[in-house]
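S.K.: Input: one structure, supplied below.
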Amino acid sequence: MNITDRSLRFRIQAGLIATGFILLFFRTLSGLVSDWSSDPNFSHGFLIPVISLYMVWYKKDQLRQIPNQPSRIGLGIIILGLLVHVAANIGAELFMMRFSMVITLSGIIIYALGIPMFKAMLIPVAYLMMMIPIPAILWNQVAFPLQLLAAKLSAQMIALIGIPVFREGNILHLATTSLEVVDACSGLRSLTSLLALTGICAFLAPLCVVKKWILFLSAIPIAVAVNVIRLTITAAMAVWINPETAHGFLHDMSGLIIFGAALVLVYLVFIIELTIENKQTGKHA
């Protein structure tokens, strides 16, 4: 069998596997798309599969050097993924139903292409976890402490710029109005989006593994910081301009502007780490 025949056979097999995967998980995929469309906390989910595919394409030259070594271990992983999907479907556990897709996909890659190929594609596959909405019980456990932290830090910042403020839990009492740091203002939405962003940045960045992790995890303090800045600006607008600005168009615009500032901070972290990396490389050269 020549190279052309093997290539055609592989494409047919890949097409059949992809079709079977979509048919099997169609309802689960439809539910995911519905959540991405209706819940702004997870609207970035639309981009995750596209970015994951880009990661694979980006490594295409490296992947071509890896020989295909199909492994029957993958068949066991596929069966495990299907069992998890069935069990989660019976128990109406959405997160595990969706996670079973990642398990099954991993098994398909190992069964069709081999363990070495899967190791090379591990990051793009793991990145797909970003598209799965966090379970509500876990989301609430994280969101509320973040609300309290954001309210506490914002009260300190507001006081620093000379505005009298009294904090009561997650409520900030100002002279002209009261601001409640609700779930949408906890910063968790920004954090999930920023983690997805820093994930691809870390993957592409010409940095060592440790610095890639630092860049990826920098999303956490950056998300908290920009959220505090946003709440401080909102309070300042409410006091210095009009209480209605804390809930209107300017409030919504401040969210976009602050997220833009978060992107700038991520870029600065990358530049700093790249500079350090270059200096360390120069010292060892």
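Ligands are numbered from 1 in the order shown, chains are lettered A, B, ... in the order of the structure tokens, and residues start at 1 in each chain.
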Please, which residues of segment 58-259 of chain A, numbered as in this document, come out alpha helix (DSSP H) from DSSP, as a PyMOL selection string?
M.R.: chain A and resi 58+60-64+73-90+94-113+115-120+122-127+136-160+188-204+209-217+219-240+249-259
S.K.: I need the residues from that last selection saved to file as a compact mmCIF listing (two decimals), in the first residue's frame (with C-alpha atoms), if you can.
M.R.:
```
# COMPACT_ATOMS: atom_id res chain seq x y z
CA TYR A 58 0.48 24.47 15.41
CA LYS A 60 1.68 19.58 13.02
CA ASP A 61 5.37 19.36 12.09
CA GLN A 62 6.22 17.72 15.41
CA LEU A 63 3.25 15.35 15.15
CA ARG A 64 4.33 14.22 11.68
CA ILE A 73 -5.23 0.42 25.61
CA GLY A 74 -7.21 3.11 23.84
CA LEU A 75 -10.11 0.69 23.38
CA GLY A 76 -10.34 0.25 27.15
CA ILE A 77 -10.31 4.04 27.63
CA ILE A 78 -13.06 4.42 25.03
CA ILE A 79 -15.18 1.86 26.89
CA LEU A 80 -14.49 3.70 30.16
CA GLY A 81 -15.58 6.99 28.59
CA LEU A 82 -18.80 5.43 27.32
CA LEU A 83 -19.54 3.85 30.71
CA VAL A 84 -18.98 7.21 32.43
CA HIS A 85 -21.33 8.82 29.92
CA VAL A 86 -24.06 6.22 30.49
CA ALA A 87 -23.73 6.39 34.30
CA ALA A 88 -23.72 10.20 34.29
CA ASN A 89 -26.73 10.23 31.96
CA ILE A 90 -28.66 7.95 34.34
CA LEU A 94 -24.04 17.04 33.37
CA PHE A 95 -20.39 17.68 34.19
CA MET A 96 -19.42 14.00 34.05
CA MET A 97 -21.48 13.48 30.88
CA ARG A 98 -19.45 16.20 29.23
CA PHE A 99 -16.17 15.09 30.75
CA SER A 100 -16.79 11.63 29.29
CA MET A 101 -16.33 13.18 25.83
CA VAL A 102 -12.75 14.12 26.72
CA ILE A 103 -12.12 10.61 28.09
CA THR A 104 -13.56 9.01 24.94
CA LEU A 105 -11.60 11.32 22.65
CA SER A 106 -8.40 10.44 24.51
CA GLY A 107 -9.16 6.76 24.01
CA ILE A 108 -9.80 7.26 20.29
CA ILE A 109 -6.46 9.02 19.84
CA ILE A 110 -4.58 6.27 21.70
CA TYR A 111 -6.44 3.47 19.89
CA ALA A 112 -5.99 4.99 16.41
CA LEU A 113 -2.63 6.76 16.72
CA ILE A 115 0.31 6.61 23.22
CA PRO A 116 3.28 8.70 21.94
CA MET A 117 0.89 10.68 19.73
CA PHE A 118 -1.49 11.18 22.64
CA LYS A 119 1.34 12.48 24.84
CA ALA A 120 2.18 15.03 22.14
CA LEU A 122 -2.12 16.01 25.69
CA ILE A 123 -2.27 19.80 26.15
CA PRO A 124 -4.78 20.43 23.33
CA VAL A 125 -6.95 17.57 24.63
CA ALA A 126 -6.73 18.78 28.25
CA TYR A 127 -7.53 22.32 27.07
CA ALA A 136 -23.12 24.92 40.03
CA ILE A 137 -22.27 23.52 43.47
CA LEU A 138 -18.55 24.15 42.86
CA TRP A 139 -19.19 27.51 41.16
CA ASN A 140 -21.11 28.77 44.20
CA GLN A 141 -18.42 27.52 46.58
CA VAL A 142 -15.83 29.60 44.70
CA ALA A 143 -17.95 32.61 43.69
CA PHE A 144 -19.15 33.65 47.14
CA PRO A 145 -15.68 33.80 48.78
CA LEU A 146 -14.52 35.77 45.72
CA GLN A 147 -17.46 38.16 46.21
CA LEU A 148 -16.41 38.76 49.82
CA LEU A 149 -12.74 39.18 48.84
CA ALA A 150 -13.66 41.62 46.05
CA ALA A 151 -15.90 43.60 48.40
CA LYS A 152 -13.20 43.75 51.11
CA LEU A 153 -10.40 44.84 48.77
CA SER A 154 -12.67 47.29 46.94
CA ALA A 155 -13.73 48.91 50.24
CA GLN A 156 -10.07 49.47 51.05
CA MET A 157 -9.37 50.95 47.60
CA ILE A 158 -12.46 53.19 47.76
CA ALA A 159 -11.36 54.49 51.16
CA LEU A 160 -7.87 55.17 49.79
CA LEU A 188 -15.11 34.41 38.48
CA ARG A 189 -16.44 35.10 34.98
CA SER A 190 -13.32 37.10 34.15
CA LEU A 191 -11.17 34.42 35.73
CA THR A 192 -12.55 31.58 33.58
CA SER A 193 -12.13 33.67 30.43
CA LEU A 194 -8.62 34.76 31.38
CA LEU A 195 -7.56 31.19 32.19
CA ALA A 196 -8.68 30.15 28.72
CA LEU A 197 -6.67 33.04 27.28
CA THR A 198 -3.51 32.50 29.33
CA GLY A 199 -3.76 28.79 28.51
CA ILE A 200 -3.24 29.38 24.79
CA CYS A 201 -0.68 32.13 25.49
CA ALA A 202 1.35 29.78 27.68
CA PHE A 203 1.14 27.05 25.03
CA LEU A 204 2.49 29.35 22.31
CA VAL A 209 7.73 24.88 31.50
CA VAL A 210 7.87 26.70 34.86
CA LYS A 211 7.39 30.11 33.27
CA LYS A 212 4.56 28.77 31.11
CA TRP A 213 2.76 27.72 34.31
CA ILE A 214 3.43 31.13 35.87
CA LEU A 215 1.95 32.83 32.80
CA PHE A 216 -1.08 30.52 32.87
CA LEU A 217 -1.75 31.01 36.59
CA ALA A 219 -4.82 34.92 35.33
CA ILE A 220 -5.86 34.43 38.97
CA PRO A 221 -4.29 37.54 40.59
CA ILE A 222 -4.96 39.59 37.45
CA ALA A 223 -8.66 38.69 37.46
CA VAL A 224 -8.95 39.62 41.15
CA ALA A 225 -7.03 42.89 40.69
CA VAL A 226 -8.98 44.15 37.69
CA ASN A 227 -12.27 43.24 39.34
CA VAL A 228 -11.34 45.33 42.39
CA ILE A 229 -10.39 48.21 40.09
CA ARG A 230 -13.73 47.90 38.31
CA LEU A 231 -15.69 48.00 41.56
CA THR A 232 -13.66 50.98 42.75
CA ILE A 233 -14.33 52.87 39.52
CA THR A 234 -18.04 52.00 39.76
CA ALA A 235 -18.19 53.38 43.31
CA ALA A 236 -16.34 56.53 42.25
CA MET A 237 -18.77 57.10 39.37
CA ALA A 238 -21.73 56.59 41.71
CA VAL A 239 -20.42 59.22 44.14
CA TRP A 240 -18.79 61.75 41.83
CA PHE A 249 -24.21 52.00 30.28
CA LEU A 250 -21.01 53.34 31.87
CA HIS A 251 -20.98 50.39 34.28
CA ASP A 252 -21.21 47.93 31.38
CA MET A 253 -18.54 49.78 29.43
CA SER A 254 -16.22 49.79 32.43
CA GLY A 255 -16.38 45.98 32.37
CA LEU A 256 -15.12 45.87 28.79
CA ILE A 257 -12.42 48.44 29.46
CA ILE A 258 -11.21 46.64 32.57
CA PHE A 259 -11.09 43.30 30.74
```
S.K.: Please, which residues of segment 65-264 of chain A, numbered as in this document, come out strand (DSSP E or B) from DSSP, as a list in words?
M.R.: Phe166, Arg167, Glu168, Ile171, Leu172, His173, Ser178, Leu179 and Glu180 of chain A
S.K.: Write out, as a CSV table (one decimal), in the first residue's frame, the residues just selected, with C-alpha atoms.
M.R.:
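Written output follows (selection26.csv):
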```csv
chain,number,residue,atom,x,y,z
A,166,PHE,CA,-19.0,51.0,55.0
A,167,ARG,CA,-18.8,47.3,54.0
A,168,GLU,CA,-21.4,44.9,55.2
A,171,ILE,CA,-22.5,45.1,50.2
A,172,LEU,CA,-20.7,48.5,50.0
A,173,HIS,CA,-22.6,51.4,51.5
A,178,SER,CA,-25.3,51.0,48.1
A,179,LEU,CA,-23.5,48.6,45.8
A,180,GLU,CA,-24.0,44.8,46.1
```
S.K.: Quick one: distance from atom CA of Met55 of chain A to atom CA of Met121 of chain A in Å, one decimal?
M.R.: 8.5 Å
S.K.: Using only C-alpha atoms, which protein or nucleic acid residues come within 12 Å of Ile272 of chain A? Drop anything in the same chain fewer than 4 positions from it, and give the result as a list in words.
M.R.: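 My list of contacting residues is Leu207, Lys211, Ile214, Leu215, Leu265, Val266, Tyr267, Leu268, Ile276, Glu277, Asn278 and Lys279 of chain A.
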